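Have a look at the structure below, then the notes.
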Amino acid sequence: MTDLRMAPAALAVWTAAWMLTGPGAGWTGPAAWVAAALVAATCLHLLLTAALTRGTGRPTAAHTALAAACALAVTVSTHVQLAGRAPLGDLAEQRVTATLTGLVVCQPEPFSFAPGPPGSGQHRWVLAARGLEARGVGSAARAHVQVLSSTAPRYGATVTVSGALRPAEPGAAEAARLTADSTSEIRAPPAGLRVLDTHRTALLDVTDPLSAQGRGLVPGAAIGDTTRLPDDLAEEMRSTGLAHITAVSGGHFAVVVAVLTLLCSLARLPRPVRVALVALASLAFVALVRPEPAVLRAAVMAAFALTGVAIGRPSQSVPALAASVVGLLVVDPWLARSFGFVLSAAATGGLVLLAAPLAARLAPWTGEAAAFAVAVPLAAQAACGPVLVLLDPSVSTVSVLANLLAAPALVPATVLGLVATVLAPGLPTLAGLVAWAASGATWWIAAVAHWCAALPGAVVPWLGGPAGALLLAVLTGVVLWVVLRRAPRPGWPESWRAAARSSLREALTTRRRRLTRAGVVALLAAGSVAVLVVVVAVPRLAVRPDIPRDWLVAACDVGQGDALALRTGPTSAVVVDVGPDGPAAGRCLDELGVARVDLLVLSHFHADHVGGLGPVLAGRKVAAALVSPVPEPAANAAATRAALAAAGVPVGVAHTGDRGTAGYLTWHVLLAGAGAGANDSSIALAARTGGLDVLALGDLEDAGQMELVPLAGRTDVVKVAHHGSAVQSRALAERLRPAVALVSSGRDNDYGHPTDEALDLYAGVGAAVVRTDECGTVALVVRGQEVSLAGC
């Protein structure tokens, strides 16, 4: 029987940590904090008692007291840590310039605001601050600060960093953010970390000659370094449920421990020596891959397992997982809000609770080995699905298939990658050969990700936010209840075997006679789930066959108006304008498979750019909107803002220089509100997605286009200003020299758009001119460094 006695304590601690670290909790009185913890623990105990009575050891008052004590511990820990970070938070609210001294506790990662290659300028990392100087006064500081700097300090180094403090995101683990003006190292990392850094760097060096997938996946599978993973491959792995391969967690620890245990057994080492060697190797592995939340969870569970082996009492997985969660959340309550930690714990819980029962039900039909192979990804998908929906409102329908196909390559990729890491500093030639062998395994993983991502319906759009997560959790629970409520059956019914020997009719007749009331209930439940999935998903699966699945930029045919989609993910995009009144823009986004608009940019308020807002808002989730700073025409501007407010869409006013990211797209407002009138106040938006530089010019006239000339540079794709009117700047066209010029205009419109002058101008600077009035909706793709056009 599964021992669930620690489960109430883990859930109580997680609930308390979530509540106390959230934005605007506003609880400062210790009595209120203690009361909240006790109430949370008691409520959870009452809710879970009935569910746990079938496990080993019925929950008692002692277990309720344990849950309350653990919740109280995390409450006290949160209170102490919030008190320590308060001075930094207060200074960040005042946006002062400060100098911090502390330890680098996060591997610096490339970060970019503006369109351009990732990592071209900035690095993002976390500093555990210990000293603070602001406004000429020095003091102690005890808090984490997220730092953005032009240089990347070494992990584990003690540094001094100066810059402007800013408030952290609500609920963030860091007390503040700092944009660094200067960074200096005052103490090198410990000798052990320097050695491990040498191994990390050497692995990147020996994998540099490999193919693009090898350069990215071999370090990713071995040590979780994804800095060189191609964007398109990373997206395919996310959409097919294979991203865990480059996220070091329990699977990597299992491989490392299993290999070391096998080697120790072959060497006939005594048990204490085996435990000591495996423990030291595990600590080194944590330092090598960096103690990220998922790594910490896996490491603590591995520590429980090693302790059980050392004392001759192997630990059970569920109590070990629960104890790991309790211990880590008491030390760092903000882990309760880390998606990496949540996914790691959920996946482990799913595996230990669901994999065996699912395999038992599948074994009579598939055999034990195949049943276990299918049950593992099924259990992980069931546990992680609701959490993943919070990150991306979609559900992968191919994750189980992709994990089954990729499974044979996982261990070779991990083991060979780690061997190459160990050999790289001293034997780079041999390490290069081992890394090349590892790239053969990762090639298979990349091929599986690419093939599965290209399957029809590989990603199904889903309702986003907590409502979508709850809906998926309920549906998953219903399916699991139907599958697991009855004992395993003996396998293929004799009536089905008889069908193979006689006729399908005989088999169907036999099955109909044997259909019980429970079978009817199961069929009705499965049918209801299928109908719900169809209602939610099918309307967004009607992607036009001539629009490729890997489109990056699409100009929608909305008649005389503008609507441009720039892809940010499998089912998401940045949308610039929504065309005139009518369903055309919404229908186009449906055909493109866009279920989420990460950013809606309304260049200006003319009806041919904002009139189709209603169908766009009704058909998908819109995360945020950016509008022109000039509210003309006033009636259109008011109606647009009212519609956005009614849909709950946060609205920002664009300013020249604004920048941001959305998925794998980066954007930059080159110009906003520069001229007189609505047209010349259009937002000129530059974006980069999938290697393409795109510039949308709205309806800019002479003055706006001329002001844009010194701000713009060479670009790949231009959405020509004002539907190809005669008012076009030759200086701007020659400055941009795009490969593709998109002209969005209506057939037989009254304005004479597009004009021959505009078409000749852009054709004269070497652009392929593409018109929606002739081609309809068109899309651009990049394959093998070549830009291709689809739909015309």
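Identifiers in this document derive from the order of the structure tokens: chains are assigned A, B, ..., residues are numbered from 1 separately in each chain, and ligands are numbered from 1 in order of occurrence.
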Mind dumping a table of every stretch 624-729 of chain A residue within 10 Å of stretch 230-237 of chain A, with the nearest atom pair and its distance in Å to one decimal, using only C-alpha atoms, sorted by chain and rising number, as a tab-separated table?
```
residue	atom	partner	partner_atom	distance
A:Gly663	CA	A:Glu235	CA	9.6
A:Tyr664	CA	A:Asp231	CA	7.3
A:Thr689	CA	A:Asp231	CA	9.7
A:Gly690	CA	A:Asp231	CA	7.2
A:Gly691	CA	A:Asp231	CA	9.2
```
Please provide as an mmCIF file with N, CA, C and O atoms, in the first residue's frame all residues within 9 Å of A:Gly698, with the sequence filter that same-chain residues fewer than 6 positions apart are discarded (counting only C-alpha atoms).
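File written: part.cif
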```
data_model
loop_
_atom_site.group_PDB
_atom_site.id
_atom_site.type_symbol
_atom_site.label_atom_id
_atom_site.label_comp_id
_atom_site.auth_asym_id
_atom_site.auth_seq_id
_atom_site.Cartn_x
_atom_site.Cartn_y
_atom_site.Cartn_z
ATOM 1 N N ASP A 562 -5.549 46.514 -42.385
ATOM 2 C CA ASP A 562 -4.305 45.847 -41.987
ATOM 3 C C ASP A 562 -4.574 44.830 -40.895
ATOM 4 O O ASP A 562 -5.354 45.091 -39.960
ATOM 5 N N VAL A 576 -0.573 42.766 -35.107
ATOM 6 C CA VAL A 576 -0.522 44.201 -35.364
ATOM 7 C C VAL A 576 -1.735 44.578 -36.207
ATOM 8 O O VAL A 576 -1.838 44.204 -37.381
ATOM 9 N N ASP A 577 -2.698 45.264 -35.595
ATOM 10 C CA ASP A 577 -3.950 45.707 -36.210
ATOM 11 C C ASP A 577 -4.891 44.531 -36.506
ATOM 12 O O ASP A 577 -4.455 43.386 -36.625
ATOM 13 N N LEU A 602 -2.214 48.039 -31.778
ATOM 14 C CA LEU A 602 -3.150 48.794 -32.625
ATOM 15 C C LEU A 602 -2.434 50.068 -33.033
ATOM 16 O O LEU A 602 -2.276 50.997 -32.226
ATOM 17 N N SER A 603 -1.971 50.098 -34.287
ATOM 18 C CA SER A 603 -1.058 51.156 -34.722
ATOM 19 C C SER A 603 -1.698 52.527 -34.601
ATOM 20 O O SER A 603 -1.027 53.505 -34.240
ATOM 21 N N HIS A 604 -2.977 52.638 -34.934
ATOM 22 C CA HIS A 604 -3.736 53.877 -34.732
ATOM 23 C C HIS A 604 -5.216 53.514 -34.780
ATOM 24 O O HIS A 604 -5.561 52.342 -34.958
ATOM 25 N N HIS A 609 -8.197 49.636 -39.138
ATOM 26 C CA HIS A 609 -7.145 49.005 -38.333
ATOM 27 C C HIS A 609 -7.672 48.469 -37.004
ATOM 28 O O HIS A 609 -7.027 47.621 -36.404
ATOM 29 N N ASN A 679 -2.914 59.054 -38.915
ATOM 30 C CA ASN A 679 -2.004 58.268 -39.742
ATOM 31 C C ASN A 679 -0.551 58.435 -39.323
ATOM 32 O O ASN A 679 0.181 57.465 -39.127
ATOM 33 N N ASP A 680 -0.117 59.689 -39.194
ATOM 34 C CA ASP A 680 1.283 59.939 -38.858
ATOM 35 C C ASP A 680 1.588 59.705 -37.385
ATOM 36 O O ASP A 680 2.731 59.865 -36.960
ATOM 37 N N SER A 681 0.578 59.342 -36.610
ATOM 38 C CA SER A 681 0.798 58.938 -35.215
ATOM 39 C C SER A 681 0.842 57.428 -35.073
ATOM 40 O O SER A 681 0.816 56.911 -33.957
ATOM 41 N N SER A 682 0.892 56.712 -36.194
ATOM 42 C CA SER A 682 0.922 55.249 -36.161
ATOM 43 C C SER A 682 2.155 54.740 -35.412
ATOM 44 O O SER A 682 3.231 55.350 -35.456
ATOM 45 N N ILE A 683 1.986 53.600 -34.759
ATOM 46 C CA ILE A 683 3.106 52.915 -34.132
ATOM 47 C C ILE A 683 3.901 52.213 -35.226
ATOM 48 O O ILE A 683 3.367 51.432 -36.008
ATOM 49 N N ALA A 684 5.204 52.495 -35.293
ATOM 50 C CA ALA A 684 6.107 51.756 -36.174
ATOM 51 C C ALA A 684 6.800 50.700 -35.328
ATOM 52 O O ALA A 684 7.615 51.031 -34.458
ATOM 53 N N LEU A 685 6.438 49.439 -35.544
ATOM 54 C CA LEU A 685 6.900 48.349 -34.688
ATOM 55 C C LEU A 685 7.927 47.497 -35.421
ATOM 56 O O LEU A 685 7.647 46.966 -36.510
ATOM 57 N N LYS A 719 5.980 45.711 -43.738
ATOM 58 C CA LYS A 719 4.568 45.905 -44.044
ATOM 59 C C LYS A 719 4.462 47.344 -44.533
ATOM 60 O O LYS A 719 4.609 48.299 -43.787
ATOM 61 N N VAL A 720 4.236 47.505 -45.833
ATOM 62 C CA VAL A 720 4.312 48.811 -46.477
ATOM 63 C C VAL A 720 3.271 49.759 -45.867
ATOM 64 O O VAL A 720 2.138 49.364 -45.555
ATOM 65 N N ALA A 721 3.682 51.027 -45.712
ATOM 66 C CA ALA A 721 2.824 52.021 -45.062
ATOM 67 C C ALA A 721 1.572 52.300 -45.891
ATOM 68 O O ALA A 721 1.606 52.349 -47.121
ATOM 69 N N HIS A 722 0.466 52.486 -45.184
ATOM 70 C CA HIS A 722 -0.799 52.996 -45.718
ATOM 71 C C HIS A 722 -1.261 52.240 -46.961
ATOM 72 O O HIS A 722 -1.652 52.847 -47.964
ATOM 73 N N HIS A 723 -1.208 50.894 -46.871
ATOM 74 C CA HIS A 723 -1.785 50.029 -47.903
ATOM 75 C C HIS A 723 -1.185 50.262 -49.289
ATOM 76 O O HIS A 723 -1.819 49.987 -50.304
#
```
Using DSSP on the backbone coordinates, identify the residues of stretch 241-339 of chain A assigned to helix (DSSP H, G or I); present them as a VMD selection string. chain A and resid 243 to 246 250 to 266 271 to 289 293 to 311 317 to 331 333 to 337 339
May I ask which of the residues A:Ala222, A:Leu66, A:Leu335, A:Ala279 is the closest one to A:Val411, counting only C-alpha atoms?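 Between A:Ala222, A:Leu66, A:Leu335, A:Ala279, the residue approaching A:Val411 most closely is A:Ala222.
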Which is closest to A:Gly216 among A:Ala676, A:Leu288, A:Leu229, A:Leu475, if we use only C-alpha atoms?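 Result for the nearest residue to A:Gly216: A:Leu229.
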For A:Asp773, the closest of A:Val558, A:Ala287, A:Ala164, A:Leu378 counting only C-alpha atoms is A:Val558
Under the rule of at most 10 Å, produce a per-residue listing of stretch 182-290 of chain A near stretch 98-106 of chain A: chain, number, name, the closest pair of atoms, and the distance in Å, as JSON lines, using only C-alpha atoms.
```
{"residue": "A:Ser182", "atom": "CA", "partner": "A:Thr99", "partner_atom": "CA", "distance": 9.4}
{"residue": "A:Thr183", "atom": "CA", "partner": "A:Thr99", "partner_atom": "CA", "distance": 9.6}
{"residue": "A:Ser184", "atom": "CA", "partner": "A:Thr101", "partner_atom": "CA", "distance": 9.7}
{"residue": "A:Glu185", "atom": "CA", "partner": "A:Thr101", "partner_atom": "CA", "distance": 9.6}
{"residue": "A:Ile186", "atom": "CA", "partner": "A:Thr101", "partner_atom": "CA", "distance": 9.0}
{"residue": "A:Arg187", "atom": "CA", "partner": "A:Leu103", "partner_atom": "CA", "distance": 9.3}
{"residue": "A:Pro189", "atom": "CA", "partner": "A:Val104", "partner_atom": "CA", "distance": 9.1}
{"residue": "A:Arg290", "atom": "CA", "partner": "A:Cys106", "partner_atom": "CA", "distance": 7.3}
```
Save the residues we just selected, N, CA, C and O atoms, as a short mmCIF file (atom, residue, chain, number, x, y, z; two decimals), in the first residue's frame?
```
data_model
loop_
_atom_site.label_atom_id
_atom_site.label_comp_id
_atom_site.auth_asym_id
_atom_site.auth_seq_id
_atom_site.Cartn_x
_atom_site.Cartn_y
_atom_site.Cartn_z
N SER A 182 28.11 48.76 -13.32
CA SER A 182 29.45 48.18 -13.19
C SER A 182 29.37 46.94 -12.32
O SER A 182 28.55 46.85 -11.41
N THR A 183 30.22 45.97 -12.63
CA THR A 183 30.31 44.73 -11.86
C THR A 183 31.77 44.36 -11.70
O THR A 183 32.53 44.38 -12.68
N SER A 184 32.17 44.03 -10.48
CA SER A 184 33.56 43.63 -10.25
C SER A 184 33.59 42.44 -9.30
O SER A 184 32.82 42.37 -8.34
N GLU A 185 34.47 41.51 -9.61
CA GLU A 185 34.63 40.31 -8.78
C GLU A 185 35.63 40.58 -7.68
O GLU A 185 36.77 41.00 -7.96
N ILE A 186 35.24 40.37 -6.43
CA ILE A 186 36.16 40.62 -5.32
C ILE A 186 36.67 39.33 -4.69
O ILE A 186 37.61 39.36 -3.91
N ARG A 187 36.02 38.20 -5.01
CA ARG A 187 36.53 36.91 -4.53
C ARG A 187 36.14 35.85 -5.53
O ARG A 187 34.97 35.76 -5.93
N PRO A 189 35.29 32.11 -7.18
CA PRO A 189 34.53 30.97 -6.67
C PRO A 189 35.46 29.97 -5.97
O PRO A 189 36.67 29.97 -6.21
N ARG A 290 24.20 23.19 -11.54
CA ARG A 290 23.68 24.33 -10.79
C ARG A 290 22.41 23.93 -10.03
O ARG A 290 21.54 23.22 -10.55
#
```
Would you kindly return, as a PyMOL selection string, each protein, DNA or RNA residue with an atom no farther than 10 Å from any atom of A:Pro615, considering only C-alpha atoms and excluding same-chain residues fewer than 2 positions away? chain A and resi 578+581-587+589+611-613+617-620
Take the selection from the previous step and output its residues with N, CA and C atoms, as a PDB file, in the first residue's frame.
```pdb
ATOM      1  N   VAL A 578      -6.188  44.855 -36.617  1.00  0.00           N
ATOM      2  CA  VAL A 578      -7.209  43.807 -36.730  1.00  0.00           C
ATOM      3  C   VAL A 578      -8.176  44.060 -37.877  1.00  0.00           C
ATOM      4  N   ASP A 581     -14.259  46.429 -39.739  1.00  0.00           N
ATOM      5  CA  ASP A 581     -15.359  45.727 -39.077  1.00  0.00           C
ATOM      6  C   ASP A 581     -15.682  44.441 -39.828  1.00  0.00           C
ATOM      7  N   GLY A 582     -15.890  43.352 -39.068  1.00  0.00           N
ATOM      8  CA  GLY A 582     -16.203  42.069 -39.677  1.00  0.00           C
ATOM      9  C   GLY A 582     -15.335  40.964 -39.101  1.00  0.00           C
ATOM     10  N   PRO A 583     -15.615  39.725 -39.493  1.00  0.00           N
ATOM     11  CA  PRO A 583     -14.935  38.580 -38.893  1.00  0.00           C
ATOM     12  C   PRO A 583     -13.619  38.217 -39.566  1.00  0.00           C
ATOM     13  N   ALA A 584     -13.141  38.978 -40.559  1.00  0.00           N
ATOM     14  CA  ALA A 584     -12.001  38.544 -41.367  1.00  0.00           C
ATOM     15  C   ALA A 584     -10.746  38.311 -40.530  1.00  0.00           C
ATOM     16  N   ALA A 585     -10.405  39.245 -39.635  1.00  0.00           N
ATOM     17  CA  ALA A 585      -9.180  39.092 -38.842  1.00  0.00           C
ATOM     18  C   ALA A 585      -9.293  37.909 -37.893  1.00  0.00           C
ATOM     19  N   GLY A 586     -10.431  37.772 -37.217  1.00  0.00           N
ATOM     20  CA  GLY A 586     -10.608  36.631 -36.321  1.00  0.00           C
ATOM     21  C   GLY A 586     -10.542  35.312 -37.062  1.00  0.00           C
ATOM     22  N   ARG A 587     -11.170  35.256 -38.263  1.00  0.00           N
ATOM     23  CA  ARG A 587     -11.136  34.030 -39.062  1.00  0.00           C
ATOM     24  C   ARG A 587      -9.707  33.709 -39.509  1.00  0.00           C
ATOM     25  N   LEU A 589      -6.895  34.480 -37.946  1.00  0.00           N
ATOM     26  CA  LEU A 589      -6.141  33.958 -36.810  1.00  0.00           C
ATOM     27  C   LEU A 589      -6.538  32.522 -36.504  1.00  0.00           C
ATOM     28  N   GLY A 611     -11.390  48.055 -36.505  1.00  0.00           N
ATOM     29  CA  GLY A 611     -12.798  47.674 -36.614  1.00  0.00           C
ATOM     30  C   GLY A 611     -13.073  46.213 -36.340  1.00  0.00           C
ATOM     31  N   GLY A 612     -12.125  45.316 -36.628  1.00  0.00           N
ATOM     32  CA  GLY A 612     -12.343  43.879 -36.425  1.00  0.00           C
ATOM     33  C   GLY A 612     -11.948  43.388 -35.052  1.00  0.00           C
ATOM     34  N   LEU A 613     -11.902  44.292 -34.070  1.00  0.00           N
ATOM     35  CA  LEU A 613     -11.430  43.926 -32.735  1.00  0.00           C
ATOM     36  C   LEU A 613     -12.323  42.889 -32.062  1.00  0.00           C
ATOM     37  N   LEU A 617     -11.003  39.446 -30.137  1.00  0.00           N
ATOM     38  CA  LEU A 617     -11.085  39.284 -28.679  1.00  0.00           C
ATOM     39  C   LEU A 617     -11.948  38.088 -28.304  1.00  0.00           C
ATOM     40  N   ALA A 618     -12.994  37.830 -29.072  1.00  0.00           N
ATOM     41  CA  ALA A 618     -13.918  36.746 -28.727  1.00  0.00           C
ATOM     42  C   ALA A 618     -13.316  35.384 -29.000  1.00  0.00           C
ATOM     43  N   GLY A 619     -12.381  35.300 -29.903  1.00  0.00           N
ATOM     44  CA  GLY A 619     -11.897  33.995 -30.338  1.00  0.00           C
ATOM     45  C   GLY A 619     -10.675  33.478 -29.641  1.00  0.00           C
ATOM     46  N   ARG A 620     -10.056  34.272 -28.754  1.00  0.00           N
ATOM     47  CA  ARG A 620      -8.797  33.818 -28.176  1.00  0.00           C
ATOM     48  C   ARG A 620      -8.452  34.680 -26.949  1.00  0.00           C
TER      49      ARG A 620
END
```
If you count only C-alpha atoms, which residues fall within 12 Å of A:Gln213, apart from same-chain ones fewer than 5 positions away, as a list of chain:residue names?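 Using only C-alpha atoms, the neighbours found are A:Thr207, A:Asp208, A:Val218, A:Pro219, A:Gly220, A:Ala221, A:Thr226, A:Thr227, A:Arg228, A:Leu229, A:Pro230, A:Asp231, A:Asp232, A:Leu233, A:Ala234, A:Met237, A:Trp436, A:Ala438, A:Ser439, A:Gly440, A:Ala441, A:Thr442, A:Trp443, A:Trp444, A:Ile445, A:Ala446, A:Ala447, A:Ala449, A:His450.
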Could you write out that same residue set with N, CA, C and O atoms as an mmCIF file, in the first residue's frame?
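Listing of part37.cif after writing:
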```cif
data_model
loop_
_atom_site.group_PDB
_atom_site.id
_atom_site.type_symbol
_atom_site.label_atom_id
_atom_site.label_comp_id
_atom_site.auth_asym_id
_atom_site.auth_seq_id
_atom_site.Cartn_x
_atom_site.Cartn_y
_atom_site.Cartn_z
ATOM 1 N N THR A 207 32.082 20.357 -28.141
ATOM 2 C CA THR A 207 30.850 20.166 -28.918
ATOM 3 C C THR A 207 30.641 21.254 -29.963
ATOM 4 O O THR A 207 29.712 21.166 -30.763
ATOM 5 N N ASP A 208 31.502 22.261 -29.975
ATOM 6 C CA ASP A 208 31.323 23.358 -30.915
ATOM 7 C C ASP A 208 31.369 22.923 -32.383
ATOM 8 O O ASP A 208 30.630 23.459 -33.206
ATOM 9 N N VAL A 218 23.613 18.123 -26.845
ATOM 10 C CA VAL A 218 24.559 17.334 -26.034
ATOM 11 C C VAL A 218 24.832 18.030 -24.703
ATOM 12 O O VAL A 218 24.704 17.404 -23.635
ATOM 13 N N PRO A 219 25.201 19.329 -24.669
ATOM 14 C CA PRO A 219 25.325 19.988 -23.356
ATOM 15 C C PRO A 219 23.997 20.059 -22.609
ATOM 16 O O PRO A 219 23.963 20.005 -21.377
ATOM 17 N N GLY A 220 22.880 20.178 -23.354
ATOM 18 C CA GLY A 220 21.584 20.241 -22.684
ATOM 19 C C GLY A 220 21.237 18.955 -21.977
ATOM 20 O O GLY A 220 20.788 18.957 -20.826
ATOM 21 N N ALA A 221 21.428 17.819 -22.654
ATOM 22 C CA ALA A 221 21.105 16.531 -22.049
ATOM 23 C C ALA A 221 22.069 16.170 -20.938
ATOM 24 O O ALA A 221 21.702 15.469 -19.988
ATOM 25 N N THR A 226 21.376 25.070 -22.131
ATOM 26 C CA THR A 226 20.592 25.220 -23.366
ATOM 27 C C THR A 226 20.900 26.527 -24.087
ATOM 28 O O THR A 226 20.123 26.971 -24.931
ATOM 29 N N THR A 227 22.028 27.155 -23.769
ATOM 30 C CA THR A 227 22.339 28.458 -24.354
ATOM 31 C C THR A 227 22.533 28.381 -25.863
ATOM 32 O O THR A 227 22.387 29.392 -26.556
ATOM 33 N N ARG A 228 22.875 27.196 -26.394
ATOM 34 C CA ARG A 228 23.120 27.085 -27.836
ATOM 35 C C ARG A 228 22.048 26.240 -28.527
ATOM 36 O O ARG A 228 22.220 25.857 -29.679
ATOM 37 N N LEU A 229 20.963 25.956 -27.827
ATOM 38 C CA LEU A 229 19.888 25.171 -28.433
ATOM 39 C C LEU A 229 19.136 26.029 -29.441
ATOM 40 O O LEU A 229 18.655 27.114 -29.099
ATOM 41 N N PRO A 230 19.025 25.585 -30.709
ATOM 42 C CA PRO A 230 18.308 26.393 -31.699
ATOM 43 C C PRO A 230 16.870 26.665 -31.262
ATOM 44 O O PRO A 230 16.203 25.801 -30.685
ATOM 45 N N ASP A 231 16.397 27.875 -31.561
ATOM 46 C CA ASP A 231 15.058 28.270 -31.126
ATOM 47 C C ASP A 231 13.982 27.339 -31.674
ATOM 48 O O ASP A 231 13.031 26.978 -30.961
ATOM 49 N N ASP A 232 14.106 26.965 -32.960
ATOM 50 C CA ASP A 232 13.060 26.123 -33.538
ATOM 51 C C ASP A 232 13.052 24.740 -32.911
ATOM 52 O O ASP A 232 11.984 24.163 -32.659
ATOM 53 N N LEU A 233 14.229 24.197 -32.601
ATOM 54 C CA LEU A 233 14.280 22.883 -31.950
ATOM 55 C C LEU A 233 13.754 22.975 -30.524
ATOM 56 O O LEU A 233 13.024 22.079 -30.060
ATOM 57 N N ALA A 234 14.093 24.051 -29.814
ATOM 58 C CA ALA A 234 13.578 24.229 -28.448
ATOM 59 C C ALA A 234 12.055 24.288 -28.455
ATOM 60 O O ALA A 234 11.390 23.696 -27.591
ATOM 61 N N MET A 237 10.610 20.805 -29.093
ATOM 62 C CA MET A 237 10.708 19.960 -27.901
ATOM 63 C C MET A 237 9.671 20.354 -26.860
ATOM 64 O O MET A 237 9.109 19.493 -26.177
ATOM 65 N N TRP A 436 30.653 13.354 -30.093
ATOM 66 C CA TRP A 436 30.104 13.044 -31.418
ATOM 67 C C TRP A 436 29.173 11.841 -31.348
ATOM 68 O O TRP A 436 28.108 11.819 -31.970
ATOM 69 N N ALA A 438 27.522 10.961 -28.676
ATOM 70 C CA ALA A 438 26.328 11.447 -27.980
ATOM 71 C C ALA A 438 25.423 12.217 -28.935
ATOM 72 O O ALA A 438 24.191 12.159 -28.830
ATOM 73 N N SER A 439 26.020 12.923 -29.902
ATOM 74 C CA SER A 439 25.202 13.682 -30.849
ATOM 75 C C SER A 439 24.393 12.766 -31.753
ATOM 76 O O SER A 439 23.371 13.188 -32.306
ATOM 77 N N GLY A 440 24.846 11.501 -31.918
ATOM 78 C CA GLY A 440 24.016 10.542 -32.649
ATOM 79 C C GLY A 440 22.725 10.255 -31.916
ATOM 80 O O GLY A 440 21.649 10.167 -32.523
ATOM 81 N N ALA A 441 22.824 10.114 -30.564
ATOM 82 C CA ALA A 441 21.614 9.899 -29.768
ATOM 83 C C ALA A 441 20.726 11.136 -29.774
ATOM 84 O O ALA A 441 19.499 11.046 -29.893
ATOM 85 N N THR A 442 21.345 12.325 -29.657
ATOM 86 C CA THR A 442 20.530 13.543 -29.647
ATOM 87 C C THR A 442 19.927 13.818 -31.027
ATOM 88 O O THR A 442 18.879 14.473 -31.122
ATOM 89 N N TRP A 443 20.600 13.329 -32.100
ATOM 90 C CA TRP A 443 19.994 13.484 -33.428
ATOM 91 C C TRP A 443 18.653 12.770 -33.481
ATOM 92 O O TRP A 443 17.684 13.282 -34.046
ATOM 93 N N TRP A 444 18.592 11.590 -32.888
ATOM 94 C CA TRP A 444 17.332 10.855 -32.874
ATOM 95 C C TRP A 444 16.270 11.624 -32.078
ATOM 96 O O TRP A 444 15.115 11.716 -32.493
ATOM 97 N N ILE A 445 16.674 12.187 -30.934
ATOM 98 C CA ILE A 445 15.731 12.969 -30.123
ATOM 99 C C ILE A 445 15.220 14.164 -30.917
ATOM 100 O O ILE A 445 14.016 14.466 -30.932
ATOM 101 N N ALA A 446 16.135 14.876 -31.596
ATOM 102 C CA ALA A 446 15.732 16.035 -32.402
ATOM 103 C C ALA A 446 14.816 15.616 -33.550
ATOM 104 O O ALA A 446 13.844 16.316 -33.867
ATOM 105 N N ALA A 447 15.112 14.463 -34.174
ATOM 106 C CA ALA A 447 14.269 13.990 -35.278
ATOM 107 C C ALA A 447 12.868 13.641 -34.781
ATOM 108 O O ALA A 447 11.867 13.947 -35.449
ATOM 109 N N ALA A 449 11.374 14.952 -32.145
ATOM 110 C CA ALA A 449 10.698 16.216 -31.834
ATOM 111 C C ALA A 449 10.184 16.885 -33.106
ATOM 112 O O ALA A 449 9.046 17.373 -33.155
ATOM 113 N N HIS A 450 11.006 16.898 -34.143
ATOM 114 C CA HIS A 450 10.610 17.550 -35.394
ATOM 115 C C HIS A 450 9.443 16.817 -36.049
ATOM 116 O O HIS A 450 8.473 17.438 -36.499
#
```
Leaving out stretch 320-328 of chain A and any residue of its chain fewer than 3 positions from it, which residues lie within 6 Å of it when counting only C-alpha atoms, given as an MDAnalysis selection string? chainID A and resid 6:7 10 300:301 317 331:332
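Residues in contact range of A:Gln560, defined as at most 9 Å between only C-alpha atoms, with sequence neighbours fewer than 3 positions away removed, read Asp557, Gly579, Pro580, Asp608, His723, Ser744, Ser745, Gly746, Arg747, Asn749, His753 and Asp773 of chain A.
Secondary structure by DSSP on the backbone puts the following residues of stretch 269-507 of chain A in strand (DSSP E): A:Ser394, A:Val395, A:Ser396, A:Val459, A:Val460, A:Pro461.
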What does the distance between atom CA of A:Ala12 and atom CA of A:Val74 come to in Å, to one decimal place?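 A separation of 9.6 Å between them.
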At a cut-off of 9 Å, using only C-alpha atoms, what residues contact A:Pro190? Leave out same-chain residues fewer than 5 positions from it and give the result as a ChimeraX atom specification. /A:156-157,195
Next, write the just-selected residues to a file, as a PDB file, in the first residue's frame, keeping C-alpha atoms as the atom set.
```
ATOM      1  CA  GLY A 156      29.851  31.152  -6.961  1.00  0.00           C
ATOM      2  CA  ALA A 157      31.946  34.324  -7.113  1.00  0.00           C
ATOM      3  CA  VAL A 195      37.183  22.978 -11.566  1.00  0.00           C
TER       4      VAL A 195
END
```
From the list A:Val694, A:Leu552, A:Val342, A:Leu600, which residue is nearest A:Val651 when using only C-alpha atoms?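 Going through A:Val694, A:Leu552, A:Val342, A:Leu600 one by one, the smallest distance to A:Val651 is for A:Leu600.
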